[in-house]
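*Asks:* Have a look at the structure that comes next, please.
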Protein chains: 2
Amino acid sequence: MTQRSMPITLQVDLGERSYPIAIGQSLLDDVDLVSRHVRGKRVAIVTNTVVGPLYLDRLARQLADAGKQVTTIVLPDGEEEKNWASLMKVFDVLLAEKCDRKTTLIALGGGVIGDLTGFAAASYMRGVPFIQIPTTLLSQVDSSVGGKTGINHPLGKNMIGAFYQPQAVIADTGTLNTLPPRELSAGLAEVIKHGAIIDPPFFDWIEANMARLVAKDADALSHAIRRSCEIKADVVRQDEREGGLRAILNFGHTFGHAIESGLGYGEWLHGEAVGCGMVMAADLSRRLGFIDAGTRARIASVVQAAGLPIDAPDLGEDRWLELMEVDKKNEGGQIKFILLKPLGTSVVMPVPKEALLATLKACVGR
Amino acid sequence: MTQRSMPITLQVDLGERSYPIAIGQSLLDDVDLVSRHVRGKRVAIVTNTVVGPLYLDRLARQLADAGKQVTTIVLPDGEEEKNWASLMKVFDVLLAEKCDRKTTLIALGGGVIGDLTGFAAASYMRGVPFIQIPTTLLSQVDSSVGGKTGINHPLGKNMIGAFYQPQAVIADTGTLNTLPPRELSAGLAEVIKHGAIIDPPFFDWIEANMARLVAKDADALSHAIRRSCEIKADVVRQDEREGGLRAILNFGHTFGHAIESGLGYGEWLHGEAVGCGMVMAADLSRRLGFIDAGTRARIASVVQAAGLPIDAPDLGEDRWLELMEVDKKNEGGQIKFILLKPLGTSVVMPVPKEALLATLKACVGR
């Protein structure tokens, strides 16, 4: 990891829906990189009030210089804005501006903007092209790969959406320089996840390099993003529509979604909830004899070193169970968990209720 | 056409998204026919306040007898209800009842219920299975074939939606016995369309048999439904996502959508607007020398014989143009029309504005 980070292009291999992911410093300064993925004349950039002031003008000007007609849509920031009202604002502008079926939507922002814009692109006139420009670590390593798009419903996160692949993903690591530490940590949760479920050497690397990652060392971040995207792209390639294997990417998410929903969206960041959720899933894995106590401790340590919470909020046992039952992975009424068996490998299975209750008891913060 | 109508099954050939269409009398009395397309244990039937009282209990009881857990959702009737608020009611119930990703949605009703339920199925948890049970002639010959789903936006019809194929379509012609004459006529508009754009012998047959169709002759209706579904399925098979050929199915729709939108959804039925729109498109085709005056007159006659309006509403020239510009077929800012060249064949192309204005002048009712 001593060489300087260079622009990298990965290919997500999904047949006719394949697309490239470009990763590198200052990619937003490369005019041609964005505009060459815009097929028609029109683009609509969707961003929010935090990211917009930093990058919107630069991106819009570049596209205009490349001869594109640019519409911009700036939404309020926050997970609580990932709802139908925000989606309707996008449709309202697209229709008022008479954007046609060849208009490319560009998501400029984090996971909320990416998921919402992707679903808008999937649904506007039954589908228009879109490009993801993720500006947070979380969205660079996770939500920009895999085609999951959607919005939240008051009764559940991401309950309304589509599987819809972008034309391209452009991850400019330079955008992480202004990222608040809490959001960096949230992104690291998914990096840890990718190592934990599928790649033991990468997990070891993450443990050894966590201090560099937290300090925003450019080379370390580039490697973490690249390897995360490779792992996720490989899983998605094998199971685009989440029929089986892809469920392992939800490691930590059954607990995590319950935390987010139980506390109200926006209280904990998604990555914070997933970080804590991984500790809980590791605890459950240990109770079932799939990993040992030392491995459970390693998971908790690396999550904590990433600056993430490891003690779960006290929602009350009944509320915890209720929240997990509406999770999307719940099929036919039985809660399924993604567990480590052992570290670097994962299984998806229902668990005895006693083990689950013991994990809730052990992990809820004192 | 002397033999009695028998249950027919067509296959819509779309690779792994292929599905059967069953057409016949009293299919809703065949318990097994519906339930064998339901893979999981749970179904949610979406219907409206007009169709629900006629068939909902029967269908729900059959599915319950087949061991399915049945949720029912009854929406208000009408094109003006094909909106986000209705869609949210469906999601609210599905989530409140903890319906999971294997729940099959069943659309029991006309095109509005079919389109809305299809989009709900496409979007709920990023996609659950669905079955169409169309109960109007229009939905049996048109909207249940092709996978177009969606809802309206105040600024345009079907502007938000998805291409999403059902597991099966079950068209019980017995449900047409209670169909109001005006809705029967609306369905005949699409039957005429299929003959006009692609099948001259079928157009001849429609002309010769219009009196039987209007009188709800069972054999004539079965043949019309079957041939319409065959034609549409064949077009969709060649162009599932509307890249080219499929546009011909929008014959009459550019004008028709403008009528519906200009008068306010629900004023004219969709089929009425399409019927009048086909007369307008035929008029435009004649002005460009693609068909002769006699053929234009044949189109107007058969549309009128179906009980459909042939005089367009006076929206004002500017409003007409404005309304047609936001149509989905509008790409890159140029309005494209589907024209007959000659009868039984169609072309998609922009037209000189003078010809369009002359058609508007000639077709708007005095």
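FYI, nothing fancy with the structure tokens labels: chains A, B, ... in order, residues from 1 per chain, ligands from 1 as they appear.
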Need to verify the contact set: Asp29 in chain B, 9 Å, only C-alpha atoms, exclusion of same-chain residues closer than 3 positions in sequence. Can you return it as JSON, numbers by chain?
*Replies:* {"B": [26, 32, 33, 58, 59, 62]}
*Asks:* Leaving out range 105-119 of chain A and any residue of its chain fewer than 4 positions from it, which residues lie within 8 Å of it when counting only C-alpha atoms, given as a ChimeraX atom specification?
*Replies:* /A:43-48,51-52,56,78-79,81-83,87,123,128-136,138-139,143-144,147-151,161-162,164,166
*Asks:* Take the residues from that selection and put them in a file with N, CA, C and O atoms, as a short mmCIF file (atom, residue, chain, number, x, y, z; two decimals), in the first residue's frame.
*Replies:*
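Generated file (out-v5.cif):
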data_model
loop_
_atom_site.label_atom_id
_atom_site.label_comp_id
_atom_site.auth_asym_id
_atom_site.auth_seq_id
_atom_site.Cartn_x
_atom_site.Cartn_y
_atom_site.Cartn_z
N VAL A 43 -29.54 16.33 -18.93
CA VAL A 43 -29.25 15.71 -17.64
C VAL A 43 -29.98 16.46 -16.55
O VAL A 43 -30.25 17.67 -16.66
N ALA A 44 -30.34 15.74 -15.49
CA ALA A 44 -30.90 16.36 -14.29
C ALA A 44 -30.07 15.87 -13.12
O ALA A 44 -29.99 14.67 -12.87
N ILE A 45 -29.41 16.81 -12.45
CA ILE A 45 -28.56 16.46 -11.30
C ILE A 45 -29.38 16.61 -10.03
O ILE A 45 -29.96 17.68 -9.78
N VAL A 46 -29.45 15.54 -9.25
CA VAL A 46 -30.15 15.59 -7.97
C VAL A 46 -29.10 15.58 -6.87
O VAL A 46 -28.23 14.71 -6.83
N THR A 47 -29.18 16.55 -5.97
CA THR A 47 -28.22 16.62 -4.87
C THR A 47 -28.95 17.16 -3.64
O THR A 47 -30.17 17.29 -3.65
N ASN A 48 -28.18 17.45 -2.58
CA ASN A 48 -28.84 18.00 -1.39
C ASN A 48 -28.15 19.29 -0.94
O ASN A 48 -27.17 19.74 -1.54
N VAL A 51 -24.22 18.79 0.03
CA VAL A 51 -23.27 18.46 -1.04
C VAL A 51 -23.35 19.47 -2.19
O VAL A 51 -22.33 19.81 -2.80
N GLY A 52 -24.56 19.96 -2.45
CA GLY A 52 -24.76 20.89 -3.56
C GLY A 52 -23.78 22.05 -3.55
O GLY A 52 -23.09 22.30 -4.56
N LEU A 56 -21.94 21.07 -6.88
CA LEU A 56 -22.96 21.16 -7.93
C LEU A 56 -22.58 22.09 -9.07
O LEU A 56 -22.70 21.73 -10.24
N GLY A 78 -30.63 14.49 4.65
CA GLY A 78 -30.99 13.64 5.78
C GLY A 78 -31.78 12.40 5.42
O GLY A 78 -32.58 12.40 4.49
N GLU A 79 -31.56 11.33 6.19
CA GLU A 79 -32.27 10.06 5.99
C GLU A 79 -33.78 10.24 6.08
O GLU A 79 -34.54 9.57 5.38
N GLU A 81 -35.43 12.49 4.91
CA GLU A 81 -35.94 13.05 3.65
C GLU A 81 -36.04 11.99 2.55
O GLU A 81 -36.44 12.30 1.43
N LYS A 82 -35.66 10.77 2.86
CA LYS A 82 -35.69 9.70 1.86
C LYS A 82 -37.11 9.12 1.79
O LYS A 82 -37.38 7.99 2.15
N ASN A 83 -38.02 9.97 1.34
CA ASN A 83 -39.42 9.59 1.39
C ASN A 83 -40.13 9.99 0.09
O ASN A 83 -39.53 10.56 -0.81
N LEU A 87 -39.24 12.35 -3.39
CA LEU A 87 -39.31 11.73 -4.72
C LEU A 87 -40.26 12.54 -5.62
O LEU A 87 -39.97 12.79 -6.79
N SER A 123 -38.31 4.85 -12.12
CA SER A 123 -39.76 5.04 -12.21
C SER A 123 -40.19 6.15 -13.16
O SER A 123 -41.33 6.16 -13.62
N VAL A 128 -35.40 5.88 -16.89
CA VAL A 128 -34.45 6.70 -17.65
C VAL A 128 -33.05 6.35 -17.14
O VAL A 128 -32.90 5.79 -16.06
N PRO A 129 -31.99 6.66 -17.93
CA PRO A 129 -30.63 6.33 -17.49
C PRO A 129 -30.23 7.13 -16.25
O PRO A 129 -30.74 8.23 -16.04
N PHE A 130 -29.32 6.56 -15.46
CA PHE A 130 -28.77 7.39 -14.37
C PHE A 130 -27.33 7.05 -14.06
O PHE A 130 -26.82 5.99 -14.43
N ILE A 131 -26.67 8.04 -13.46
CA ILE A 131 -25.25 7.95 -13.12
C ILE A 131 -25.14 8.27 -11.63
O ILE A 131 -25.78 9.20 -11.15
N GLN A 132 -24.33 7.50 -10.93
CA GLN A 132 -24.11 7.75 -9.51
C GLN A 132 -22.77 8.44 -9.29
O GLN A 132 -21.74 7.92 -9.74
N ILE A 133 -22.79 9.55 -8.58
CA ILE A 133 -21.54 10.18 -8.13
C ILE A 133 -21.59 10.22 -6.60
O ILE A 133 -22.02 11.22 -6.02
N PRO A 134 -21.19 9.13 -5.96
CA PRO A 134 -21.29 9.06 -4.50
C PRO A 134 -20.22 9.93 -3.85
O PRO A 134 -19.06 9.90 -4.27
N THR A 135 -20.61 10.68 -2.84
CA THR A 135 -19.68 11.63 -2.20
C THR A 135 -19.42 11.31 -0.74
O THR A 135 -18.86 12.12 -0.02
N THR A 136 -19.88 10.14 -0.28
CA THR A 136 -19.55 9.71 1.08
C THR A 136 -18.87 8.35 0.98
O THR A 136 -19.04 7.63 -0.01
N LEU A 138 -19.59 5.73 2.70
CA LEU A 138 -20.63 4.71 2.72
C LEU A 138 -21.19 4.46 1.33
O LEU A 138 -21.31 3.31 0.88
N SER A 139 -21.53 5.52 0.64
CA SER A 139 -22.13 5.32 -0.68
C SER A 139 -21.10 4.84 -1.69
O SER A 139 -21.42 4.11 -2.62
N SER A 143 -23.66 1.66 -1.32
CA SER A 143 -24.96 1.84 -1.96
C SER A 143 -24.87 2.14 -3.45
O SER A 143 -25.85 2.00 -4.17
N SER A 144 -23.67 2.52 -3.93
CA SER A 144 -23.56 2.80 -5.37
C SER A 144 -23.30 1.53 -6.17
O SER A 144 -23.30 1.55 -7.39
N GLY A 147 -27.34 -1.76 -7.49
CA GLY A 147 -28.62 -1.45 -8.11
C GLY A 147 -29.81 -1.37 -7.19
O GLY A 147 -30.94 -1.26 -7.65
N LYS A 148 -29.58 -1.42 -5.88
CA LYS A 148 -30.72 -1.26 -4.98
C LYS A 148 -31.07 0.22 -4.89
O LYS A 148 -30.23 1.05 -4.55
N THR A 149 -32.31 0.54 -5.19
CA THR A 149 -32.77 1.91 -5.08
C THR A 149 -34.05 1.91 -4.28
O THR A 149 -34.70 0.88 -4.14
N GLY A 150 -34.43 3.06 -3.73
CA GLY A 150 -35.70 3.08 -3.01
C GLY A 150 -35.82 4.20 -2.00
O GLY A 150 -34.91 5.01 -1.84
N ILE A 151 -36.97 4.21 -1.38
CA ILE A 151 -37.27 5.19 -0.34
C ILE A 151 -37.82 4.46 0.89
O ILE A 151 -38.15 3.27 0.81
N GLY A 161 -39.18 0.47 -3.66
CA GLY A 161 -38.01 0.70 -4.49
C GLY A 161 -37.93 -0.23 -5.68
O GLY A 161 -38.93 -0.84 -6.08
N ALA A 162 -36.75 -0.30 -6.26
CA ALA A 162 -36.54 -1.12 -7.46
C ALA A 162 -35.10 -1.58 -7.50
O ALA A 162 -34.22 -0.95 -6.91
N TYR A 164 -32.30 -1.43 -9.96
CA TYR A 164 -32.09 -0.63 -11.18
C TYR A 164 -30.62 -0.24 -11.25
O TYR A 164 -30.09 0.38 -10.33
N PRO A 166 -27.15 1.61 -12.60
CA PRO A 166 -26.71 2.86 -13.22
C PRO A 166 -25.94 2.60 -14.51
O PRO A 166 -25.54 1.47 -14.79
#
*Asks:* Could you pull the residues within 10 Å of range 233-241 of chain B, counting only C-alpha atoms, minus those fewer than 5 positions along the same chain, as a ChimeraX atom specification?
*Replies:* /A:126-127 /B:10-15,18,21,142,145-148,162-165,198,227-228,246-249
*Asks:* Run DSSP on the backbone and tell me which residues of range 63-304 of chain A come out as alpha helix (DSSP H); list them as a ChimeraX atom specification.
*Replies:* /A:63-65,84-96,111-123,137-138,181-198,200-214,218-238,253-263,270-287,293-304
*Asks:* Nearest to Asp311 in chain B: which of B:Ile291, B:Ala362, B:Leu357, B:Leu263 is it, counting only C-alpha atoms?
*Replies:*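 Counting only C-alpha atoms, the residue closest to Asp311 in chain B is B:Ala362.
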*Asks:* Find the distance between CA of Val279 in chain B and CA of Glu242 in chain B and write it in Å to one decimal.
*Replies:*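 Rounded to one decimal, the two atoms are 23.5 Å apart.
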*Asks:* For a quick test of understanding: name the residues of chain B lying within 9 Å of chain A when counting only C-alpha atoms, and present them as JSON, numbers by chain.
*Replies:* {"B": [40, 41, 42, 84, 91, 92, 95, 96, 98, 99, 100, 101, 102, 103, 120, 122, 123, 124, 125, 126, 127, 148, 149, 150, 153, 154, 155, 156, 158, 159, 160, 161, 162, 163, 241, 325, 326, 327, 328, 329, 330, 331, 332, 333]}
*Asks:* Kindly export the residues of the current selection with C-alpha atoms, as a short mmCIF file (atom, residue, chain, number, x, y, z; two decimals), in the first residue's frame.
*Replies:*
data_model
loop_
_atom_site.label_atom_id
_atom_site.label_comp_id
_atom_site.auth_asym_id
_atom_site.auth_seq_id
_atom_site.Cartn_x
_atom_site.Cartn_y
_atom_site.Cartn_z
CA GLY B 40 -45.99 -18.51 -1.56
CA LYS B 41 -48.60 -18.72 1.18
CA ARG B 42 -49.73 -15.13 1.10
CA TRP B 84 -49.67 8.12 -5.36
CA PHE B 91 -48.19 -0.11 0.77
CA ASP B 92 -49.73 0.92 4.11
CA LEU B 95 -46.72 -3.26 5.67
CA ALA B 96 -49.32 -3.12 8.44
CA LYS B 98 -46.47 -7.61 7.52
CA CYS B 99 -46.71 -8.98 3.98
CA ASP B 100 -43.30 -10.32 3.01
CA ARG B 101 -41.32 -10.51 -0.23
CA LYS B 102 -43.05 -13.70 -1.31
CA THR B 103 -46.55 -12.24 -1.10
CA ALA B 120 -47.14 -1.64 -6.30
CA ALA B 122 -42.84 -3.82 -8.87
CA SER B 123 -41.94 -1.46 -6.01
CA TYR B 124 -42.97 -3.25 -2.81
CA MET B 125 -39.73 -4.46 -1.25
CA ARG B 126 -38.24 -3.92 -4.73
CA GLY B 127 -40.53 -6.45 -6.36
CA LYS B 148 -46.55 -1.54 -18.38
CA THR B 149 -47.44 -0.48 -14.86
CA GLY B 150 -47.71 2.92 -13.25
CA HIS B 153 -48.89 12.58 -12.09
CA PRO B 154 -50.82 15.87 -12.14
CA LEU B 155 -48.62 16.89 -15.10
CA GLY B 156 -49.01 13.68 -17.11
CA ASN B 158 -48.51 7.16 -16.50
CA MET B 159 -45.47 9.31 -15.84
CA ILE B 160 -44.37 7.22 -12.84
CA GLY B 161 -44.12 3.47 -13.24
CA ALA B 162 -42.17 0.40 -14.23
CA PHE B 163 -41.99 -2.34 -16.81
CA ARG B 241 -38.95 -2.07 -23.02
CA GLU B 325 -45.19 17.98 -25.83
CA VAL B 326 -45.06 16.30 -22.43
CA ASP B 327 -46.13 12.98 -23.86
CA LYS B 328 -43.67 10.15 -23.11
CA LYS B 329 -43.09 9.56 -26.81
CA ASN B 330 -41.65 13.04 -26.96
CA GLU B 331 -37.88 12.56 -27.13
CA GLY B 332 -35.35 15.29 -27.52
CA GLY B 333 -38.12 17.84 -27.81
#
*Asks:* From a backbone DSSP assignment, name each residue in range 104-251 of chain B labelled strand (DSSP E or B), as number ranges by chain.
*Replies:* B: 104-109, 124, 130-134, 148-153, 156-163, 168-172
*Asks:* Do you have the CA of Ser185 in chain A-CA of Ser346 in chain A distance handy?
*Replies:* 23.1 Å
*Asks:* Pick out the closest residue to Gly294 in chain A from this set: A:Gly365, A:Ala196, A:Leu343, A:Pro20. Count only C-alpha atoms.
*Replies:* A:Leu343
*Asks:* Excluding Pro309 in chain B and residues on its chain fewer than 4 positions from it, collect all residues at most 8 Å away from it, counting only C-alpha atoms, and give them as a ChimeraX atom specification.
*Replies:* /B:272-273,275-276,303-304
*Asks:* Can you tell me how far CA of Asn250 in chain B sits from CA of Leu188 in chain B, in Å to one decimal?
*Replies:*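 These atoms are spaced 15.0 Å apart.
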*Asks:* Hey, what's within 12 Å of Pro200 in chain B if we count only C-alpha atoms and toss same-chain stuff fewer than 2 positions away? As a VMD selection string, please?
*Replies:* chain B and resid 192 to 198 202 to 207 231 295 340 to 346
*Asks:* Those residues with N, CA and C atoms, as an mmCIF file, in the first residue's frame please?
*Replies:*
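Written output follows (result36.cif):
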data_model
loop_
_atom_site.group_PDB
_atom_site.id
_atom_site.type_symbol
_atom_site.label_atom_id
_atom_site.label_comp_id
_atom_site.auth_asym_id
_atom_site.auth_seq_id
_atom_site.Cartn_x
_atom_site.Cartn_y
_atom_site.Cartn_z
ATOM 1 N N ILE B 192 -59.772 -2.215 -32.246
ATOM 2 C CA ILE B 192 -59.660 -1.564 -33.560
ATOM 3 C C ILE B 192 -58.205 -1.197 -33.839
ATOM 4 N N LYS B 193 -57.559 -0.639 -32.808
ATOM 5 C CA LYS B 193 -56.159 -0.220 -32.948
ATOM 6 C C LYS B 193 -55.283 -1.380 -33.409
ATOM 7 N N HIS B 194 -55.443 -2.538 -32.777
ATOM 8 C CA HIS B 194 -54.596 -3.677 -33.140
ATOM 9 C C HIS B 194 -54.775 -4.076 -34.598
ATOM 10 N N GLY B 195 -56.029 -4.027 -35.071
ATOM 11 C CA GLY B 195 -56.237 -4.304 -36.486
ATOM 12 C C GLY B 195 -55.609 -3.239 -37.367
ATOM 13 N N ALA B 196 -55.821 -1.991 -37.007
ATOM 14 C CA ALA B 196 -55.388 -0.881 -37.860
ATOM 15 C C ALA B 196 -53.884 -0.812 -38.035
ATOM 16 N N ILE B 197 -53.130 -1.083 -36.971
ATOM 17 C CA ILE B 197 -51.677 -0.879 -37.056
ATOM 18 C C ILE B 197 -50.928 -2.078 -37.606
ATOM 19 N N ILE B 198 -51.544 -3.269 -37.575
ATOM 20 C CA ILE B 198 -50.715 -4.451 -37.855
ATOM 21 C C ILE B 198 -51.389 -5.571 -38.631
ATOM 22 N N PHE B 202 -57.716 -8.695 -39.747
ATOM 23 C CA PHE B 202 -58.390 -8.526 -38.460
ATOM 24 C C PHE B 202 -59.204 -7.226 -38.481
ATOM 25 N N PHE B 203 -58.660 -6.183 -39.104
ATOM 26 C CA PHE B 203 -59.418 -4.929 -39.229
ATOM 27 C C PHE B 203 -60.709 -5.171 -40.019
ATOM 28 N N ASP B 204 -60.586 -5.918 -41.090
ATOM 29 C CA ASP B 204 -61.783 -6.249 -41.883
ATOM 30 C C ASP B 204 -62.798 -7.012 -41.029
ATOM 31 N N TRP B 205 -62.289 -7.969 -40.268
ATOM 32 C CA TRP B 205 -63.169 -8.766 -39.401
ATOM 33 C C TRP B 205 -63.884 -7.876 -38.384
ATOM 34 N N ILE B 206 -63.130 -6.933 -37.796
ATOM 35 C CA ILE B 206 -63.725 -6.028 -36.803
ATOM 36 C C ILE B 206 -64.857 -5.219 -37.447
ATOM 37 N N GLU B 207 -64.588 -4.682 -38.624
ATOM 38 C CA GLU B 207 -65.624 -3.914 -39.333
ATOM 39 C C GLU B 207 -66.883 -4.752 -39.543
ATOM 40 N N ILE B 231 -51.637 -10.215 -30.960
ATOM 41 C CA ILE B 231 -50.926 -9.126 -31.650
ATOM 42 C C ILE B 231 -50.058 -8.355 -30.665
ATOM 43 N N THR B 295 -60.001 5.420 -46.654
ATOM 44 C CA THR B 295 -59.496 4.686 -45.496
ATOM 45 C C THR B 295 -59.693 5.505 -44.217
ATOM 46 N N LEU B 340 -50.614 5.653 -39.934
ATOM 47 C CA LEU B 340 -50.891 4.501 -40.788
ATOM 48 C C LEU B 340 -50.251 4.735 -42.149
ATOM 49 N N LYS B 341 -49.543 3.717 -42.663
ATOM 50 C CA LYS B 341 -48.861 3.886 -43.957
ATOM 51 C C LYS B 341 -48.603 2.532 -44.576
ATOM 52 N N PRO B 342 -49.593 1.906 -45.229
ATOM 53 C CA PRO B 342 -51.020 2.245 -45.267
ATOM 54 C C PRO B 342 -51.754 1.587 -44.105
ATOM 55 N N LEU B 343 -53.079 1.447 -44.205
ATOM 56 C CA LEU B 343 -53.857 0.756 -43.178
ATOM 57 C C LEU B 343 -53.279 -0.647 -42.962
ATOM 58 N N GLY B 344 -53.077 -1.028 -41.698
ATOM 59 C CA GLY B 344 -52.495 -2.337 -41.396
ATOM 60 C C GLY B 344 -50.993 -2.294 -41.221
ATOM 61 N N THR B 345 -50.402 -1.115 -41.395
ATOM 62 C CA THR B 345 -48.964 -0.920 -41.192
ATOM 63 C C THR B 345 -48.794 0.455 -40.555
ATOM 64 N N SER B 346 -47.746 0.636 -39.764
ATOM 65 C CA SER B 346 -47.623 1.927 -39.101
ATOM 66 C C SER B 346 -46.185 2.419 -39.101
#
